[in-house]
$ cat my_file27.cif   # mmCIF, C-alpha atoms
data_start
#
loop_
_atom_site.label_atom_id
_atom_site.label_comp_id
_atom_site.auth_asym_id
_atom_site.auth_seq_id
_atom_site.Cartn_x
_atom_site.Cartn_y
_atom_site.Cartn_z
CA MET R 1 0.00 0.00 0.00
CA LEU R 2 1.37 3.37 -1.03
CA HIS R 3 -0.45 6.41 0.35
CA LEU R 4 0.56 9.90 -0.75
CA ILE R 5 -0.49 12.72 1.57
CA THR R 6 -0.28 16.31 0.45
CA GLY R 7 -1.47 19.73 1.61
CA GLY R 8 -0.43 23.25 2.50
CA SER R 9 1.74 24.30 5.42
CA GLY R 10 0.37 24.00 8.94
CA SER R 11 -2.60 21.99 7.70
CA GLY R 12 -2.22 18.90 9.88
CA LYS R 13 -0.64 16.60 7.29
CA SER R 14 1.77 15.04 9.78
CA SER R 15 -0.71 14.03 12.42
CA TYR R 16 -3.05 12.64 9.76
CA ALA R 17 -0.14 10.73 8.18
CA GLU R 18 0.84 9.21 11.52
CA GLU R 19 -2.70 8.06 12.18
CA ARG R 20 -2.95 6.55 8.71
CA MET R 21 0.40 4.81 9.07
CA LEU R 22 -0.60 3.14 12.31
CA TYR R 23 -3.96 2.18 10.83
CA ILE R 24 -2.64 0.76 7.55
CA SER R 25 0.10 -1.19 9.27
CA GLY R 26 -2.40 -2.69 11.69
CA GLN R 27 -0.74 -1.21 14.78
CA THR R 28 -4.03 0.19 16.04
CA ARG R 29 -6.10 -2.91 15.36
CA ASN R 30 -4.00 -5.82 16.48
CA GLN R 31 -2.67 -6.82 19.87
CA GLU R 32 -0.17 -9.35 18.53
CA GLU R 33 3.49 -8.47 18.33
CA LYS R 34 4.34 -6.58 15.20
CA ASP R 35 7.45 -4.95 13.85
CA PRO R 36 7.43 -1.22 14.55
CA CYS R 37 6.68 1.48 12.01
CA VAL R 38 9.66 3.48 10.82
CA TYR R 39 9.55 7.25 10.69
CA LEU R 40 11.92 8.25 7.91
CA ALA R 41 12.90 11.87 8.57
CA THR R 42 14.39 13.89 5.73
CA MET R 43 14.76 17.32 7.35
CA LYS R 44 18.29 18.47 8.11
CA PRO R 45 18.54 19.48 11.76
CA TYR R 46 20.26 22.81 11.03
CA GLY R 47 19.07 26.12 12.39
CA LYS R 48 16.68 27.12 15.15
CA GLU R 49 13.46 26.85 13.16
CA ALA R 50 14.31 23.41 11.80
CA LEU R 51 15.14 22.19 15.32
CA MET R 52 11.85 23.55 16.64
CA LYS R 53 9.95 21.88 13.85
CA ILE R 54 11.71 18.57 14.46
CA GLU R 55 10.95 18.85 18.17
CA ARG R 56 7.27 19.54 17.47
CA HIS R 57 7.07 16.47 15.24
CA ARG R 58 8.89 14.35 17.84
CA LYS R 59 6.33 15.32 20.46
CA LEU R 60 3.51 14.64 18.02
CA ARG R 61 4.61 11.06 17.44
CA ALA R 62 5.94 10.29 20.91
CA SER R 63 4.20 7.26 22.42
CA LYS R 64 3.06 6.11 18.99
CA GLY R 65 5.90 3.60 18.82
CA PHE R 66 7.74 4.82 15.74
CA VAL R 67 11.41 4.04 15.20
CA THR R 68 13.06 7.15 13.77
CA VAL R 69 15.58 6.86 10.96
CA GLU R 70 17.13 10.02 9.58
CA CYS R 71 18.11 10.23 5.94
CA TYR R 72 18.47 13.59 4.22
CA LYS R 73 19.19 12.25 0.74
CA GLU R 74 20.17 9.24 -1.34
CA LEU R 75 17.28 7.07 -0.28
CA ASP R 76 18.30 4.66 -3.05
CA ARG R 77 21.04 3.38 -0.77
CA ILE R 78 19.18 3.15 2.52
CA ARG R 79 18.89 -0.09 4.50
CA LEU R 80 15.81 -0.03 6.68
CA PRO R 81 15.02 -2.21 9.68
CA LYS R 82 12.28 -4.81 9.52
CA ASN R 83 9.01 -2.92 9.80
CA SER R 84 5.26 -3.00 9.35
CA GLY R 85 5.26 0.36 7.64
CA ILE R 86 7.34 3.38 6.71
CA LEU R 87 6.30 7.00 7.02
CA LEU R 88 8.49 9.27 4.91
CA GLU R 89 8.36 12.92 5.93
CA CYS R 90 8.72 14.84 3.82
CA MET R 91 9.24 15.04 0.09
CA SER R 92 9.66 18.81 0.06
CA ASN R 93 12.76 18.57 2.25
CA LEU R 94 14.16 15.59 0.41
CA GLY R 95 13.61 17.41 -2.89
CA ALA R 96 15.59 20.44 -1.72
CA ASN R 97 18.36 18.26 -0.26
CA GLU R 98 18.72 16.41 -3.56
CA LEU R 99 18.35 19.38 -5.92
CA TYR R 100 20.81 21.72 -4.26
CA GLY R 101 24.40 20.58 -3.78
CA GLU R 102 26.26 21.22 -0.51
CA ASP R 103 28.10 24.06 -2.29
CA GLY R 104 24.84 25.61 -3.47
CA THR R 105 24.99 24.26 -7.03
CA LEU R 106 21.76 23.44 -8.78
CA LYS R 107 21.47 19.91 -10.14
CA ASN R 108 19.47 18.77 -13.13
CA ARG R 109 15.80 18.63 -12.22
CA HIS R 110 14.81 15.57 -14.27
CA LYS R 111 17.80 13.55 -13.08
CA THR R 112 17.01 14.55 -9.52
CA ALA R 113 13.38 13.45 -9.93
CA LYS R 114 14.53 10.09 -11.30
CA LYS R 115 16.94 9.64 -8.42
CA ILE R 116 14.21 10.39 -5.87
CA LEU R 117 11.80 7.96 -7.52
CA LYS R 118 14.51 5.29 -7.62
CA GLY R 119 14.85 5.84 -3.88
CA ILE R 120 11.12 5.33 -3.43
CA ASP R 121 11.25 2.08 -5.44
CA HIS R 122 14.12 0.96 -3.25
CA ILE R 123 12.09 1.67 -0.10
CA LEU R 124 9.03 -0.09 -1.50
CA LYS R 125 11.14 -3.26 -1.68
CA GLN R 126 11.69 -3.02 2.07
CA THR R 127 8.13 -2.53 3.24
CA GLU R 128 4.51 -3.49 2.71
CA ASN R 129 3.17 -0.07 3.58
CA LEU R 130 4.62 3.28 2.64
CA VAL R 131 3.09 6.64 3.54
CA ILE R 132 4.72 9.69 1.95
CA VAL R 133 4.08 13.25 3.10
CA THR R 134 4.61 15.90 0.46
CA ASN R 135 3.68 19.56 0.08
CA GLU R 136 1.79 21.87 -2.19
CA VAL R 137 4.32 24.52 -3.12
CA SER R 138 3.18 25.79 -6.51
CA SER R 139 0.03 27.82 -5.93
CA GLU R 140 1.69 31.19 -5.77
CA ASP R 141 3.15 33.23 -8.56
CA LYS R 142 5.91 35.40 -7.24
CA ASP R 143 9.06 36.71 -8.81
CA TYR R 144 10.93 33.51 -8.10
CA SER R 145 14.56 32.90 -9.03
CA GLU R 146 15.53 30.09 -11.38
CA GLU R 147 16.73 28.01 -8.41
CA ILE R 148 13.32 28.22 -6.77
CA LEU R 149 11.38 27.62 -9.98
CA GLU R 150 13.42 24.48 -10.63
CA TYR R 151 12.51 23.31 -7.14
CA ILE R 152 8.80 23.98 -7.70
CA TYR R 153 8.92 22.05 -10.99
CA LEU R 154 10.81 19.21 -9.31
CA ILE R 155 8.24 18.80 -6.56
CA GLY R 156 5.46 18.98 -9.17
CA GLU R 157 7.11 16.30 -11.27
CA VAL R 158 7.79 14.01 -8.31
CA ASN R 159 4.30 14.49 -6.87
CA GLN R 160 2.69 13.55 -10.17
CA GLU R 161 4.79 10.39 -10.50
CA LEU R 162 4.11 9.40 -6.90
CA ALA R 163 0.38 9.98 -7.35
CA CYS R 164 0.47 7.65 -10.38
CA MET R 165 2.17 4.94 -8.33
CA ALA R 166 0.04 5.47 -5.22
CA ASP R 167 -2.99 3.39 -4.26
CA LYS R 168 -4.35 6.38 -2.41
CA VAL R 169 -3.79 10.14 -2.55
CA THR R 170 -5.22 12.50 0.07
CA GLU R 171 -5.04 16.25 0.42
CA VAL R 172 -5.27 17.40 4.03
CA VAL R 173 -7.08 20.75 4.26
CA TYR R 174 -6.96 22.27 7.74
CA GLY R 175 -7.05 18.80 9.24
CA ILE R 176 -9.80 17.54 6.93
CA PRO R 177 -8.76 14.65 4.66
CA VAL R 178 -10.01 15.34 1.12
CA PRO R 179 -9.72 12.26 -1.10
CA VAL R 180 -7.92 12.80 -4.40
CA LYS R 181 -7.38 9.19 -5.52
CA GLY R 182 -8.42 5.77 -4.23
CA MET B 1 -19.23 27.77 13.48
CA ILE B 2 -18.99 27.83 9.70
CA MET B 3 -15.77 28.24 7.72
CA VAL B 4 -15.41 29.29 4.11
CA ILE B 5 -11.83 28.81 2.89
CA GLY B 6 -9.91 28.98 -0.37
CA GLY B 7 -7.15 30.78 -2.26
CA ALA B 8 -7.16 34.52 -2.88
CA HIS B 9 -9.80 35.94 -5.25
CA GLN B 10 -11.79 32.74 -5.63
CA GLY B 11 -15.18 34.22 -4.76
CA LYS B 12 -15.23 33.12 -1.11
CA ARG B 13 -16.89 36.25 0.19
CA GLU B 14 -19.61 36.22 -2.47
CA TYR B 15 -20.22 32.55 -1.76
CA ALA B 16 -20.51 33.20 1.99
CA LYS B 17 -22.79 36.19 1.49
CA GLU B 18 -25.04 34.12 -0.72
CA MET B 19 -25.24 31.45 1.97
CA TYR B 20 -25.83 34.01 4.73
CA PRO B 21 -27.38 37.13 3.18
CA ASP B 22 -28.74 38.54 6.41
CA ILE B 23 -25.79 38.58 8.74
CA GLU B 24 -23.51 41.48 9.54
CA TRP B 25 -19.90 41.25 8.51
CA ILE B 26 -16.70 42.75 9.78
CA ASP B 27 -13.43 43.02 7.85
CA GLY B 28 -10.49 41.26 9.46
CA LYS B 29 -8.13 43.80 7.99
CA GLU B 30 -9.69 46.74 9.82
CA CYS B 31 -11.66 45.47 12.81
CA LYS B 32 -10.55 45.82 16.41
CA GLU B 33 -9.22 42.85 18.36
CA GLN B 34 -12.37 42.30 20.44
CA GLU B 35 -14.90 42.68 17.62
CA ILE B 36 -14.32 39.16 16.41
CA PHE B 37 -15.83 37.74 19.61
CA LYS B 38 -19.17 39.47 18.97
CA CYS B 39 -19.58 39.64 15.19
CA GLU B 40 -21.81 37.40 13.10
CA GLY B 41 -19.37 37.01 10.25
CA ILE B 42 -15.78 37.99 9.45
CA TYR B 43 -14.05 38.05 6.10
CA GLY B 44 -10.32 38.47 5.72
CA PHE B 45 -9.80 36.33 8.84
CA HIS B 46 -6.16 35.73 7.83
CA GLU B 47 -5.64 39.53 7.88
CA TYR B 48 -7.04 39.57 11.39
CA ILE B 49 -4.36 37.07 12.44
CA ALA B 50 -1.63 39.05 10.67
CA GLY B 51 -2.81 42.22 12.45
CA ARG B 52 -2.67 40.57 15.89
CA MET B 53 0.77 39.14 15.18
CA ARG B 54 2.08 42.56 14.15
CA GLU B 55 0.76 43.94 17.44
CA GLY B 56 2.61 41.17 19.24
CA ALA B 57 -0.60 39.70 20.71
CA ASP B 58 -0.46 36.27 22.29
CA LEU B 59 -2.46 33.92 20.07
CA ASP B 60 -2.03 30.90 22.31
CA GLY B 61 -5.50 29.53 23.01
CA PHE B 62 -7.09 31.98 20.58
CA PRO B 63 -9.05 29.37 18.56
CA GLU B 64 -10.45 27.92 21.80
CA ARG B 65 -11.46 31.38 23.08
CA LEU B 66 -13.10 32.24 19.79
CA TYR B 67 -15.07 29.02 19.74
CA VAL B 68 -16.29 29.46 23.31
CA LYS B 69 -17.21 33.15 23.00
CA ASN B 70 -18.59 33.14 19.46
CA PRO B 71 -19.59 29.59 18.50
CA ASP B 72 -21.91 30.71 15.65
CA ILE B 73 -19.45 32.89 13.79
CA VAL B 74 -19.03 32.57 10.01
CA ILE B 75 -15.33 32.80 9.11
CA VAL B 76 -14.07 33.56 5.61
CA THR B 77 -10.33 33.04 5.27
CA ASN B 78 -7.63 32.65 2.65
CA GLU B 79 -5.61 29.49 2.51
CA ILE B 80 -2.08 30.81 2.49
CA GLY B 81 0.21 27.80 2.83
CA TYR B 82 0.32 26.64 -0.78
CA GLY B 83 3.52 28.25 -1.97
CA ILE B 84 7.23 28.21 -1.28
CA VAL B 85 8.32 28.75 2.33
CA PRO B 86 8.82 32.55 2.50
CA ALA B 87 12.30 33.98 3.01
CA ASP B 88 10.95 36.51 5.50
CA ALA B 89 10.76 35.23 9.10
CA PHE B 90 7.51 37.05 9.93
CA GLN B 91 5.84 35.70 6.80
CA ARG B 92 6.96 32.18 7.68
CA GLU B 93 5.52 32.43 11.16
CA TYR B 94 2.31 34.07 9.93
CA ARG B 95 1.74 31.30 7.41
CA GLU B 96 2.34 28.55 9.97
CA THR B 97 0.25 30.25 12.67
CA THR B 98 -2.69 30.82 10.34
CA GLY B 99 -2.60 27.16 9.32
CA ARG B 100 -2.52 25.91 12.92
CA ILE B 101 -5.33 28.24 14.02
CA CYS B 102 -7.54 27.32 11.06
CA THR B 103 -6.87 23.60 11.60
CA LYS B 104 -8.04 23.91 15.22
CA LEU B 105 -11.11 25.89 14.20
CA ALA B 106 -11.96 23.47 11.38
CA ALA B 107 -11.92 20.62 13.91
CA ARG B 108 -14.68 22.40 15.88
CA ALA B 109 -16.64 23.87 12.96
CA GLU B 110 -19.95 22.32 11.94
CA GLU B 111 -19.29 23.04 8.30
CA VAL B 112 -16.21 23.80 6.22
CA HIS B 113 -16.67 24.96 2.63
CA ARG B 114 -13.83 25.33 0.18
CA VAL B 115 -14.22 27.73 -2.74
CA ILE B 116 -12.26 27.31 -5.96
CA CYS B 117 -13.09 29.43 -9.04
CA GLY B 118 -16.27 30.61 -7.35
CA ILE B 119 -17.50 27.07 -6.79
CA GLY B 120 -17.88 25.95 -3.22
CA THR B 121 -17.53 22.36 -2.06
CA ARG B 122 -18.52 21.36 1.41
CA ILE B 123 -15.57 19.31 2.74
CA LYS B 124 -16.96 18.96 6.24
#
$ encode --input "my_file27.cif" --output "structure tokens"
Amino acid sequence: MLHLITGGSGSGKSSYAEERMLYISGQTRNQEEKDPCVYLATMKPYGKEALMKIERHRKLRASKGFVTVECYKELDRIRLPKNSGILLECMSNLGANELYGEDGTLKNRHKTAKKILKGIDHILKQTENLVIVTNEVSSEDKDYSEEILEYIYLIGEVNQELACMADKVTEVVYGIPVPVKG
Amino acid sequence: MIMVIGGAHQGKREYAKEMYPDIEWIDGKECKEQEIFKCEGIYGFHEYIAGRMREGADLDGFPERLYVKNPDIVIVTNEIGYGIVPADAFQREYRETTGRICTKLAARAEEVHRVICGIGTRIK
């Protein structure tokens, strides 16, 4: 089962995604011993705001029994522990980490999209249930630089591919799940 | 509580006024802090939040207070979190705060309508 969850900022995507992950993987239904769900975190813990965000998410999923694995890029090489589900959060961070080099260089968008999708395929081989949180980043038209436009196009491209692959796509609107597919 | 949400210039206000033609509205951009707790309807709710944040008001517990004091309010608000994370720190915080407040209110609201291109869809 692949479930893609999207939405705007501050809309409650994460808490919905966590609930869905536990539900899909059977953690909320079954008393028998199961492998834990893995929370695959892609945000780099640099800077005050990022740390606060990470802390908020940690609190949100505390006591839900997730095992946290951090991976900021190159998901196509990751080895994940045995699990009943993986929650990847989030594509918008992973996209930025892959598109921009450490030295600030901009990589090719299409190649980056392919690399990300290869990473997703690789993860799908290691789990029965994958929930991916992504973001809506393209509904504003500002005077963006080329670097930012490339990022917007990348996320658009990846989101479309993921939605094709997904069994279910949901947009979370202020905490309300709006079905998009499945 | 009723919420009418959507992007900018989608016809939210017209939609809300058609649903509730007889109520009195205040404008979130201009109204005073306390007016929201007594009004029948507010449009530009996101501007109300921006105004309070600029004044340095404490918005902790604000959605709960609003729901308790004015449970029948009709709220018209922009959805503002659908772009790139803003470079400006205030804008980042404003966007996040508005989302969190609206998510809390939507959880309590009886109805949430989303307007796109003038067409409203009831999502709750």
$ resolve_selection --input "my_file27.cif" --expression "the PyMOL selection byres ((chain R and resi 155) around 10)" --output "list in words"
Met91, Ser92, Asn93, Leu94, Gly95, Ala96, Arg109, Ala113, Thr134, Asn135, Glu136, Val137, Ser138, Leu149, Glu150, Tyr151, Ile152, Tyr153, Leu154, Gly156, Glu157, Val158, Asn159, Gln160 and Glu161 of chain R
$ closest_residue --input "my_file27.cif" --among "R:Gly10, R:Gly104, R:Pro36, R:Pro45" --to "Gly65 of chain R" --atoms "all atoms listed in the file"
R:Pro36
$ atom_distance --input "my_file27.cif" --atom1 "atom CA of Tyr67 of chain B" --atom2 "atom CA of Ser63 of chain R"
29.2 Å
$ interface_residues --input "my_file27.cif" --of "chain R" --to "chain B" --cutoff "9 Å" --atoms "all atoms listed in the file" --output "short mmCIF file (atom, residue, chain, number, x, y, z; two decimals) with C-alpha atoms, in the frame of the given file"
data_model
loop_
_atom_site.label_atom_id
_atom_site.label_comp_id
_atom_site.auth_asym_id
_atom_site.auth_seq_id
_atom_site.Cartn_x
_atom_site.Cartn_y
_atom_site.Cartn_z
CA GLY R 7 -1.47 19.73 1.61
CA GLY R 8 -0.43 23.25 2.50
CA SER R 9 1.74 24.30 5.42
CA GLY R 10 0.37 24.00 8.94
CA SER R 11 -2.60 21.99 7.70
CA GLY R 12 -2.22 18.90 9.88
CA ASN R 135 3.68 19.56 0.08
CA GLU R 136 1.79 21.87 -2.19
CA VAL R 137 4.32 24.52 -3.12
CA SER R 138 3.18 25.79 -6.51
CA SER R 139 0.03 27.82 -5.93
CA GLU R 140 1.69 31.19 -5.77
CA ASP R 141 3.15 33.23 -8.56
CA ILE R 148 13.32 28.22 -6.77
CA ILE R 152 8.80 23.98 -7.70
CA VAL R 173 -7.08 20.75 4.26
CA TYR R 174 -6.96 22.27 7.74
CA GLY R 175 -7.05 18.80 9.24
CA ILE R 176 -9.80 17.54 6.93
CA PRO R 177 -8.76 14.65 4.66
CA VAL R 178 -10.01 15.34 1.12
#
$ axis_aligned_box --input "my_file27.cif" --around "segment 154-168 of chain R" --padding-each-side "4 Å" --output "lines of an AutoDock Vina configuration file"
center_x = 3.2
center_y = 11.3
center_z = -6.8
size_x = 23.2
size_y = 23.8
size_z = 16.9
$ resolve_selection --input "my_file27.cif" --expression "the PyMOL selection byres ((chain B and resi 20) around 12)" --output "number ranges by chain"
B: 2-4, 13-19, 21-25, 40-42, 73-76
$ closest_residue --input "my_file27.cif" --among "B:Pro63, B:Asp27, B:Gln34, B:Asp88" --to "Glu47 of chain B" --atoms "all atoms listed in the file"
B:Asp27
$ atom_distance --input "my_file27.cif" --atom1 "atom CA of Glu147 of chain R" --atom2 "atom CA of Leu106 of chain R"
6.8 Å
$ closest_residue --input "my_file27.cif" --among "R:Val133, R:Val180, R:Leu75, R:Val38" --to "Tyr16 of chain R" --atoms "all atoms listed in the file"
R:Val133
$ residues_around --input "my_file27.cif" --residues "Met1 of chain R" --least-positions-apart "5" --cutoff "8 Å" --atoms "all atoms listed in the file" --output "JSON, numbers by chain"
{"R": [128, 129, 130, 166, 167]}
$ closest_residue --input "my_file27.cif" --among "R:Ala50, R:Leu40, R:Tyr100, R:Leu87" --to "Cys71 of chain R" --atoms "all atoms listed in the file"
R:Leu40
$ decode --input "my_file27.cif" --residues "segment 102-121 of chain R" --atoms "N, CA, C and O atoms" --output "mmCIF file, in the first residue's frame"
data_model
loop_
_atom_site.group_PDB
_atom_site.id
_atom_site.type_symbol
_atom_site.label_atom_id
_atom_site.label_comp_id
_atom_site.auth_asym_id
_atom_site.auth_seq_id
_atom_site.Cartn_x
_atom_site.Cartn_y
_atom_site.Cartn_z
ATOM 1 N N GLU R 102 25.755 20.635 -1.766
ATOM 2 C CA GLU R 102 26.258 21.218 -0.512
ATOM 3 C C GLU R 102 26.870 22.603 -0.764
ATOM 4 O O GLU R 102 26.815 23.481 0.089
ATOM 5 N N ASP R 103 27.455 22.786 -1.950
ATOM 6 C CA ASP R 103 28.097 24.059 -2.287
ATOM 7 C C ASP R 103 27.119 25.035 -2.948
ATOM 8 O O ASP R 103 27.517 26.054 -3.485
ATOM 9 N N GLY R 104 25.843 24.694 -2.924
ATOM 10 C CA GLY R 104 24.837 25.609 -3.475
ATOM 11 C C GLY R 104 24.553 25.419 -4.958
ATOM 12 O O GLY R 104 23.736 26.132 -5.529
ATOM 13 N N THR R 105 25.234 24.473 -5.592
ATOM 14 C CA THR R 105 24.994 24.264 -7.025
ATOM 15 C C THR R 105 23.611 23.638 -7.246
ATOM 16 O O THR R 105 23.089 22.922 -6.401
ATOM 17 N N LEU R 106 23.083 23.935 -8.410
ATOM 18 C CA LEU R 106 21.761 23.436 -8.777
ATOM 19 C C LEU R 106 21.940 22.229 -9.692
ATOM 20 O O LEU R 106 22.599 22.308 -10.721
ATOM 21 N N LYS R 107 21.333 21.111 -9.305
ATOM 22 C CA LYS R 107 21.472 19.912 -10.137
ATOM 23 C C LYS R 107 20.340 19.837 -11.154
ATOM 24 O O LYS R 107 19.357 20.562 -11.044
ATOM 25 N N ASN R 108 20.500 18.935 -12.098
ATOM 26 C CA ASN R 108 19.470 18.767 -13.131
ATOM 27 C C ASN R 108 18.176 18.249 -12.515
ATOM 28 O O ASN R 108 18.162 17.257 -11.789
ATOM 29 N N ARG R 109 17.087 18.948 -12.844
ATOM 30 C CA ARG R 109 15.805 18.626 -12.222
ATOM 31 C C ARG R 109 15.297 17.227 -12.560
ATOM 32 O O ARG R 109 14.866 16.484 -11.681
ATOM 33 N N HIS R 110 15.339 16.878 -13.850
ATOM 34 C CA HIS R 110 14.812 15.569 -14.267
ATOM 35 C C HIS R 110 15.620 14.415 -13.673
ATOM 36 O O HIS R 110 15.069 13.420 -13.226
ATOM 37 N N LYS R 111 16.945 14.594 -13.670
ATOM 38 C CA LYS R 111 17.802 13.551 -13.078
ATOM 39 C C LYS R 111 17.516 13.415 -11.585
ATOM 40 O O LYS R 111 17.495 12.318 -11.032
ATOM 41 N N THR R 112 17.305 14.565 -10.951
ATOM 42 C CA THR R 112 17.009 14.551 -9.518
ATOM 43 C C THR R 112 15.682 13.828 -9.254
ATOM 44 O O THR R 112 15.578 13.014 -8.336
ATOM 45 N N ALA R 113 14.691 14.112 -10.085
ATOM 46 C CA ALA R 113 13.385 13.451 -9.926
ATOM 47 C C ALA R 113 13.549 11.939 -10.076
ATOM 48 O O ALA R 113 13.011 11.162 -9.273
ATOM 49 N N LYS R 114 14.312 11.529 -11.077
ATOM 50 C CA LYS R 114 14.535 10.092 -11.299
ATOM 51 C C LYS R 114 15.212 9.452 -10.096
ATOM 52 O O LYS R 114 14.864 8.342 -9.684
ATOM 53 N N LYS R 115 16.201 10.166 -9.565
ATOM 54 C CA LYS R 115 16.943 9.642 -8.420
ATOM 55 C C LYS R 115 16.009 9.465 -7.212
ATOM 56 O O LYS R 115 16.050 8.455 -6.511
ATOM 57 N N ILE R 116 15.157 10.461 -6.997
ATOM 58 C CA ILE R 116 14.207 10.386 -5.872
ATOM 59 C C ILE R 116 13.262 9.201 -6.061
ATOM 60 O O ILE R 116 13.025 8.421 -5.128
ATOM 61 N N LEU R 117 12.759 9.045 -7.261
ATOM 62 C CA LEU R 117 11.797 7.961 -7.518
ATOM 63 C C LEU R 117 12.466 6.592 -7.414
ATOM 64 O O LEU R 117 11.846 5.621 -6.971
ATOM 65 N N LYS R 118 13.752 6.533 -7.791
ATOM 66 C CA LYS R 118 14.510 5.292 -7.622
ATOM 67 C C LYS R 118 14.611 4.966 -6.123
ATOM 68 O O LYS R 118 14.492 3.799 -5.712
ATOM 69 N N GLY R 119 14.812 5.998 -5.332
ATOM 70 C CA GLY R 119 14.852 5.835 -3.881
ATOM 71 C C GLY R 119 13.539 5.296 -3.339
ATOM 72 O O GLY R 119 13.521 4.433 -2.455
ATOM 73 N N ILE R 120 12.441 5.793 -3.879
ATOM 74 C CA ILE R 120 11.117 5.331 -3.427
ATOM 75 C C ILE R 120 10.920 3.855 -3.802
ATOM 76 O O ILE R 120 10.443 3.056 -2.989
ATOM 77 N N ASP R 121 11.326 3.492 -5.021
ATOM 78 C CA ASP R 121 11.251 2.081 -5.436
ATOM 79 C C ASP R 121 12.056 1.195 -4.495
ATOM 80 O O ASP R 121 11.620 0.108 -4.116
#
